[in-house]
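Below is protein_20.csv, holding CSV, C-alpha atoms.
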```csv
chain,number,residue,atom,x,y,z
G,1,MET,CA,33.8,-30.8,33.0
G,2,ASP,CA,36.7,-28.8,31.7
G,3,SER,CA,37.9,-30.3,28.4
G,4,GLN,CA,41.6,-29.5,29.1
G,5,GLY,CA,43.1,-32.4,31.1
G,6,ILE,CA,46.3,-32.0,33.0
G,7,GLU,CA,48.9,-34.7,33.3
G,8,VAL,CA,50.4,-35.4,36.7
G,9,ILE,CA,53.6,-37.4,36.7
G,10,PRO,CA,54.1,-39.3,40.0
G,11,ILE,CA,57.4,-38.4,41.7
G,12,GLY,CA,57.4,-41.6,43.7
G,13,ARG,CA,55.3,-44.2,45.6
G,14,VAL,CA,54.3,-44.9,49.1
G,15,GLU,CA,55.8,-48.0,50.7
G,16,SER,CA,53.5,-49.0,53.7
G,17,PRO,CA,52.4,-52.0,55.7
G,18,LEU,CA,48.8,-50.8,54.9
G,19,THR,CA,47.4,-52.6,51.9
G,20,ASP,CA,43.7,-52.6,52.2
G,21,HIS,CA,42.4,-49.0,51.5
G,22,ARG,CA,39.0,-49.8,53.0
G,23,ALA,CA,40.5,-50.9,56.3
G,24,ALA,CA,43.1,-48.1,56.4
G,25,PRO,CA,42.7,-45.3,59.0
G,26,ARG,CA,40.9,-42.3,57.6
G,27,GLN,CA,43.4,-39.8,58.8
G,28,GLY,CA,47.0,-40.1,59.9
G,29,VAL,CA,46.2,-39.2,63.5
G,30,GLU,CA,43.8,-42.1,63.7
G,31,GLY,CA,46.4,-44.7,64.3
G,32,ALA,CA,48.3,-44.7,60.9
G,33,PRO,CA,51.7,-46.3,60.8
G,34,GLU,CA,55.1,-45.0,59.7
G,35,ALA,CA,55.6,-45.3,56.0
G,36,CYS,CA,58.3,-44.7,53.5
G,37,LEU,CA,58.2,-42.3,50.6
G,38,VAL,CA,60.3,-43.8,47.8
G,39,LEU,CA,61.1,-41.0,45.4
G,40,ASP,CA,62.2,-41.3,41.8
G,41,ALA,CA,65.9,-40.7,41.0
G,42,ALA,CA,64.8,-38.0,38.5
G,43,VAL,CA,63.6,-35.7,41.3
G,44,ALA,CA,66.5,-36.3,43.7
G,45,ASP,CA,67.7,-32.7,43.6
G,46,GLY,CA,64.2,-31.6,44.9
G,47,LEU,CA,64.9,-33.3,48.2
G,48,ASP,CA,68.0,-31.1,49.0
G,49,GLY,CA,67.6,-29.7,52.5
G,50,LEU,CA,64.9,-32.1,53.6
G,51,ALA,CA,65.7,-33.4,57.1
G,52,ALA,CA,64.4,-35.5,60.0
G,53,GLY,CA,62.0,-33.5,62.2
G,54,ASP,CA,60.6,-31.4,59.3
G,55,GLU,CA,56.8,-31.2,59.1
G,56,ILE,CA,55.6,-31.6,55.5
G,57,VAL,CA,52.5,-32.1,53.5
G,58,VAL,CA,52.6,-35.2,51.3
G,59,VAL,CA,50.3,-34.8,48.3
G,60,THR,CA,49.2,-38.1,46.9
G,61,TRP,CA,46.8,-39.4,44.2
G,62,LEU,CA,44.4,-41.9,45.8
G,63,ASP,CA,44.2,-44.2,42.8
G,64,ARG,CA,41.7,-46.6,44.3
G,65,ALA,CA,39.1,-43.9,44.6
G,66,ASP,CA,35.8,-43.7,42.7
G,67,ARG,CA,36.1,-40.5,40.7
G,68,ARG,CA,32.3,-40.4,39.8
G,69,MET,CA,31.2,-39.7,43.4
G,70,LEU,CA,29.8,-36.2,44.1
G,71,ARG,CA,27.8,-36.9,47.3
G,72,VAL,CA,28.7,-39.2,50.2
G,73,HIS,CA,27.7,-40.1,53.7
G,74,PRO,CA,30.7,-38.6,55.7
G,75,ARG,CA,33.0,-41.4,57.0
G,76,ASP,CA,30.7,-44.0,55.3
G,77,ASP,CA,28.3,-43.5,58.3
G,78,LEU,CA,24.8,-44.0,56.9
G,79,THR,CA,23.3,-42.2,59.9
G,80,ILE,CA,25.0,-38.9,58.7
G,81,PRO,CA,23.1,-37.3,55.9
G,82,GLU,CA,24.7,-37.3,52.4
G,83,ARG,CA,26.6,-34.2,51.5
G,84,GLY,CA,28.8,-32.9,48.7
G,85,VAL,CA,32.2,-34.5,48.5
G,86,PHE,CA,33.9,-31.0,48.5
G,87,THR,CA,32.6,-30.6,52.1
G,88,THR,CA,34.2,-33.9,53.2
G,89,ARG,CA,37.6,-35.6,53.2
G,90,SER,CA,36.3,-38.6,51.3
G,91,ALA,CA,38.8,-40.2,49.0
G,92,ASP,CA,36.0,-40.7,46.4
G,93,ARG,CA,35.8,-37.4,44.5
G,94,PRO,CA,36.5,-36.2,40.9
G,95,ASN,CA,40.2,-35.6,41.5
G,96,PRO,CA,41.2,-37.9,44.4
G,97,VAL,CA,44.1,-35.8,45.7
G,98,GLY,CA,45.2,-36.8,49.2
G,99,LEU,CA,46.8,-34.3,51.6
G,100,HIS,CA,48.7,-35.8,54.5
G,101,THR,CA,50.5,-33.8,57.2
G,102,VAL,CA,53.4,-35.9,58.5
G,103,GLU,CA,56.7,-35.6,60.3
G,104,VAL,CA,59.9,-36.7,58.5
G,105,VAL,CA,61.6,-39.4,60.6
G,106,ASP,CA,64.6,-40.1,58.4
G,107,VAL,CA,66.0,-39.2,55.0
G,108,ASP,CA,68.2,-41.8,53.3
G,109,GLY,CA,68.9,-40.9,49.7
G,110,LEU,CA,65.6,-41.3,47.8
G,111,ARG,CA,63.8,-42.9,50.8
G,112,VAL,CA,62.0,-40.6,53.2
G,113,ARG,CA,60.5,-42.2,56.3
G,114,VAL,CA,57.5,-40.3,57.6
G,115,ARG,CA,54.7,-40.7,60.2
G,116,PRO,CA,51.8,-41.1,60.5
G,117,LEU,CA,50.6,-41.9,57.0
G,118,GLU,CA,47.3,-43.4,56.2
G,119,ALA,CA,47.9,-43.9,52.4
G,120,VAL,CA,48.2,-47.5,51.4
G,121,ASP,CA,51.2,-49.3,49.8
G,122,GLY,CA,51.8,-48.2,46.2
G,123,THR,CA,49.9,-44.9,46.4
G,124,PRO,CA,51.4,-42.5,43.8
G,125,ILE,CA,53.1,-39.4,45.3
G,126,VAL,CA,52.4,-36.1,43.6
G,127,ASP,CA,54.3,-33.5,45.6
G,128,LEU,CA,55.9,-32.7,48.9
G,129,LYS,CA,55.7,-29.3,50.6
G,130,PRO,CA,56.7,-27.8,53.9
G,131,VAL,CA,54.0,-27.0,56.4
G,132,LEU,CA,53.7,-23.2,56.5
G,133,GLY,CA,54.2,-21.6,59.8
G,134,PRO,CA,52.6,-18.4,61.1
G,135,ASP,CA,55.3,-16.5,59.3
G,136,PRO,CA,54.5,-16.7,55.6
G,137,ALA,CA,58.1,-16.0,54.7
G,138,THR,CA,58.9,-19.6,55.5
G,139,PRO,CA,60.7,-21.0,52.5
W,1,MET,CA,60.0,-40.3,36.4
W,2,ASP,CA,57.2,-42.8,36.8
W,3,SER,CA,55.9,-43.8,33.4
W,4,GLN,CA,52.2,-43.9,34.4
W,5,GLY,CA,50.7,-40.5,34.1
W,6,ILE,CA,47.5,-39.5,35.8
W,7,GLU,CA,44.9,-37.2,34.3
W,8,VAL,CA,43.5,-34.4,36.4
W,9,ILE,CA,40.2,-32.9,35.1
W,10,PRO,CA,39.8,-29.3,36.4
W,11,ILE,CA,36.5,-28.9,38.3
W,12,GLY,CA,36.5,-25.1,37.6
W,13,ARG,CA,38.6,-22.0,37.3
W,14,VAL,CA,39.7,-19.1,39.5
W,15,GLU,CA,38.2,-15.7,38.7
W,16,SER,CA,40.4,-13.0,40.2
W,17,PRO,CA,41.6,-9.4,39.8
W,18,LEU,CA,45.2,-10.9,39.9
W,19,THR,CA,46.5,-11.5,36.4
W,20,ASP,CA,50.3,-11.3,36.6
W,21,HIS,CA,51.6,-14.5,38.4
W,22,ARG,CA,55.0,-12.9,39.0
W,23,ALA,CA,53.5,-9.9,40.8
W,24,ALA,CA,50.9,-11.9,42.7
W,25,PRO,CA,51.4,-12.3,46.5
W,26,ARG,CA,53.2,-15.5,47.4
W,27,GLN,CA,50.7,-16.6,50.0
W,28,GLY,CA,47.1,-15.6,50.7
W,29,VAL,CA,48.0,-13.9,54.0
W,30,GLU,CA,50.4,-11.5,52.2
W,31,GLY,CA,47.7,-9.2,50.9
W,32,ALA,CA,45.8,-11.4,48.4
W,33,PRO,CA,42.3,-10.3,47.4
W,34,GLU,CA,39.0,-12.0,47.4
W,35,ALA,CA,38.4,-14.2,44.4
W,36,CYS,CA,35.7,-16.3,42.9
W,37,LEU,CA,35.8,-20.1,42.4
W,38,VAL,CA,33.7,-20.8,39.3
W,39,LEU,CA,32.8,-24.4,39.4
W,40,ASP,CA,31.7,-26.6,36.5
W,41,ALA,CA,28.0,-27.5,36.3
W,42,ALA,CA,29.1,-31.2,36.2
W,43,VAL,CA,30.3,-31.1,39.8
W,44,ALA,CA,27.4,-29.0,41.3
W,45,ASP,CA,26.3,-31.8,43.6
W,46,GLY,CA,29.7,-31.9,45.2
W,47,LEU,CA,29.1,-28.4,46.6
W,48,ASP,CA,26.1,-29.5,48.6
W,49,GLY,CA,26.5,-28.2,52.2
W,50,LEU,CA,29.2,-25.7,51.5
W,51,ALA,CA,28.4,-22.4,53.2
W,52,ALA,CA,29.7,-18.9,54.1
W,53,GLY,CA,32.1,-19.1,57.0
W,54,ASP,CA,33.6,-22.5,56.1
W,55,GLU,CA,37.3,-22.8,56.1
W,56,ILE,CA,38.5,-24.8,53.1
W,57,VAL,CA,41.6,-25.8,51.2
W,58,VAL,CA,41.5,-25.0,47.5
W,59,VAL,CA,43.7,-27.3,45.5
W,60,THR,CA,44.8,-25.7,42.2
W,61,TRP,CA,47.1,-26.5,39.3
W,62,LEU,CA,49.6,-23.6,38.9
W,63,ASP,CA,49.6,-23.8,35.1
W,64,ARG,CA,52.2,-21.0,34.6
W,65,ALA,CA,54.8,-22.9,36.6
W,66,ASP,CA,58.1,-24.3,35.3
W,67,ARG,CA,57.8,-28.1,35.9
W,68,ARG,CA,61.5,-28.7,35.2
W,69,MET,CA,62.7,-26.9,38.4
W,70,LEU,CA,64.1,-29.0,41.2
W,71,ARG,CA,66.2,-26.4,43.0
W,72,VAL,CA,65.3,-22.8,43.7
W,73,HIS,CA,66.3,-19.8,45.8
W,74,PRO,CA,63.4,-19.5,48.3
W,75,ARG,CA,61.1,-16.6,47.5
W,76,ASP,CA,63.4,-15.8,44.5
W,77,ASP,CA,65.8,-14.2,47.0
W,78,LEU,CA,69.3,-14.8,45.6
W,79,THR,CA,70.8,-14.2,49.0
W,80,ILE,CA,69.1,-17.3,50.3
W,81,PRO,CA,71.0,-20.5,49.1
W,82,GLU,CA,69.3,-22.7,46.6
W,83,ARG,CA,67.5,-25.7,48.0
W,84,GLY,CA,65.3,-28.5,46.8
W,85,VAL,CA,61.8,-27.4,45.6
W,86,PHE,CA,60.2,-30.0,48.0
W,87,THR,CA,61.4,-28.0,50.9
W,88,THR,CA,59.8,-24.8,49.6
W,89,ARG,CA,56.4,-23.5,48.5
W,90,SER,CA,57.8,-22.4,45.1
W,91,ALA,CA,55.2,-22.8,42.3
W,92,ASP,CA,57.9,-24.1,40.0
W,93,ARG,CA,58.1,-27.9,40.7
W,94,PRO,CA,57.4,-31.1,38.9
W,95,ASN,CA,53.7,-31.2,39.7
W,96,PRO,CA,52.7,-27.6,40.4
W,97,VAL,CA,49.9,-28.2,42.8
W,98,GLY,CA,48.8,-25.1,44.8
W,99,LEU,CA,47.3,-25.4,48.3
W,100,HIS,CA,45.3,-22.4,49.5
W,101,THR,CA,43.6,-22.1,52.8
W,102,VAL,CA,40.7,-19.7,52.5
W,103,GLU,CA,37.4,-18.7,54.0
W,104,VAL,CA,34.2,-19.0,52.1
W,105,VAL,CA,32.6,-15.6,51.9
W,106,ASP,CA,29.5,-16.6,49.8
W,107,VAL,CA,28.1,-19.5,47.8
W,108,ASP,CA,25.9,-18.5,44.8
W,109,GLY,CA,25.1,-21.6,42.8
W,110,LEU,CA,28.4,-22.6,41.0
W,111,ARG,CA,30.2,-19.4,42.2
W,112,VAL,CA,32.0,-19.6,45.5
W,113,ARG,CA,33.5,-16.4,46.7
W,114,VAL,CA,36.6,-16.9,48.9
W,115,ARG,CA,39.4,-14.9,50.6
W,116,PRO,CA,42.3,-14.5,50.6
W,117,LEU,CA,43.4,-16.2,47.4
W,118,GLU,CA,46.8,-15.5,45.7
W,119,ALA,CA,46.1,-17.7,42.6
W,120,VAL,CA,45.8,-15.7,39.4
W,121,ASP,CA,42.8,-15.4,37.1
W,122,GLY,CA,42.1,-18.5,35.1
W,123,THR,CA,44.0,-20.9,37.4
W,124,PRO,CA,42.5,-24.4,37.1
W,125,ILE,CA,40.8,-25.7,40.3
W,126,VAL,CA,41.5,-29.4,41.1
W,127,ASP,CA,39.7,-30.0,44.4
W,128,LEU,CA,38.1,-28.4,47.5
W,129,LYS,CA,38.4,-29.9,50.9
W,130,PRO,CA,37.4,-28.8,54.4
W,131,VAL,CA,40.2,-27.8,56.8
W,132,LEU,CA,40.5,-30.5,59.3
W,133,GLY,CA,40.0,-29.5,62.9
W,134,PRO,CA,41.8,-31.0,65.9
W,135,ASP,CA,39.0,-33.7,65.9
W,136,PRO,CA,39.8,-36.0,62.9
W,137,ALA,CA,36.1,-37.1,62.8
W,138,THR,CA,35.3,-33.8,61.0
W,139,PRO,CA,33.4,-34.7,57.9
```

Structure re-expressed in structure tokens:
Amino acid sequence: MDSQGIEVIPIGRVESPLTDHRAAPRQGVEGAPEACLVLDAAVADGLDGLAAGDEIVVVTWLDRADRRMLRVHPRDDLTIPERGVFTTRSADRPNPVGLHTVEVVDVDGLRVRVRPLEAVDGTPIVDLKPVLGPDPATP
Amino acid sequence: MDSQGIEVIPIGRVESPLTDHRAAPRQGVEGAPEACLVLDAAVADGLDGLAAGDEIVVVTWLDRADRRMLRVHPRDDLTIPERGVFTTRSADRPNPVGLHTVEVVDVDGLRVRVRPLEAVDGTPIVDLKPVLGPDPATP
């Protein structure tokens, strides 16, 4: 693969009642709980304007994933033929980036409560972005 | 910020007629062109099953971004008050991950033609994922 690595510095961690990544829901809409995004003080200014009710994409790094996987049975269902990881949402993939669309429930300083979030406790947070509406001029 | 860094290994690069990131469209739907995702041979198996017509999210690393930025004027419009980068889609942010929803036009070996894509020529590709439909059991 490309020889030039890129360093991601986590901006915070997920605080969640989910601890077993194999038992966690596969997607937020599949019964995932509320969770708290605990942001680092160094990025506090980046949260300015974030408010309850906002719909955001939480970008995580799924650090329990197997980065060597290139083919999987979707949803670990052996009756579904194996296919390339880039056509699935499997966490196991070369760069295990997680994308989670959630609603902001509450913002309290560096603690952002969101729902639903299927990422397990301790998952590193890479970025937060607003969901884009039909009008691309959304900030 | 968090002391534990994470290494992203690019899985390929964008090949695009866009070369000036300041002049590039801000979002794909704002007039961005077709572009080619040139994947590394090491991840070829991960593409198995990808086909023309698929709607995917291309995850990139916007390597021209300013990672020190925490507050910005949305869309560089000085008449819009500054706000935290996590409430905007600005490329300038601590971890400049780009999310691009595109349609696959053609798959030819390691070359995946997509549209529209606003990322500039040479942008590192981090991941490809299918867009999730209303049914979360999508692979």

Please produce, as a Markdown table, a per-residue contact table for region 11-116 of chain W versus region 47-68 of chain G (criterion: any atom at most 7 Å away, all atoms listed in the file considered), showing the nearest atom pair and its distance in Å to one decimal, sorted by chain then residue number.
```
| residue | atom | partner | partner_atom | distance |
| --- | --- | --- | --- | --- |
| W:Arg83 | CA | G:Asp48 | CA | 5.5 |
| W:Gly84 | CA | G:Asp48 | CA | 4.3 |
| W:Phe86 | CA | G:Leu47 | CA | 5.7 |
| W:Thr87 | CA | G:Leu50 | CA | 6.0 |
```

Determine the nearest neighbour of Gly5 (chain G) from the options W:Pro124, W:Ala91, W:Val114, W:Leu39, counting all atoms listed in the file.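 When distances to Gly5 (chain G) are compared using all atoms listed in the file, the smallest one comes from W:Pro124.
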
At what distance in Å, to one decimal, does CA of Pro33 (chain G) lie from CA of Ser16 (chain G)?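 Rounded to one decimal, the two atoms are 7.8 Å apart.
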
Pick out the chain G residues within 8 Å of chain W. Count all atoms listed in the file. Give them as JSON, numbers by chain. {"G": [1, 2, 3, 4, 5, 6, 7, 8, 9, 10, 11, 12, 27, 29, 30, 40, 41, 42, 43, 45, 46, 47, 48, 49, 50, 70, 71, 74, 75, 83, 84, 85, 86, 87, 88, 89, 94, 95, 97, 126, 127, 128, 129, 130, 136, 137, 138, 139]}

Considering only C-alpha atoms, can you say which of G:Thr79, G:Arg22, G:Arg111, G:Pro116 comes closest to Asp92 (chain G)? G:Arg22

Between CA of Arg113 (chain W) and CA of Glu15 (chain W) - distance in Å to one decimal: 9.3 Å

Report, in Å with one decimal, the straight-line distance from CA of His21 (chain G) to CA of Glu118 (chain G).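 Computing it gives 8.8 Å between the two atoms.
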
In file coordinates, which residues lie within 7 Å of (47.6, -51.9, 49.5) using all atoms listed in the file, given as a ChimeraX atom specification? /G:18-21,120-122

Looking at G:Val14, G:Ala35, G:Ala24, G:Leu78, which one is nearest to Asp106 (chain G), with distances taken over all atoms listed in the file?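 Comparing G:Val14, G:Ala35, G:Ala24, G:Leu78 against Asp106 (chain G), the winner is G:Ala35.
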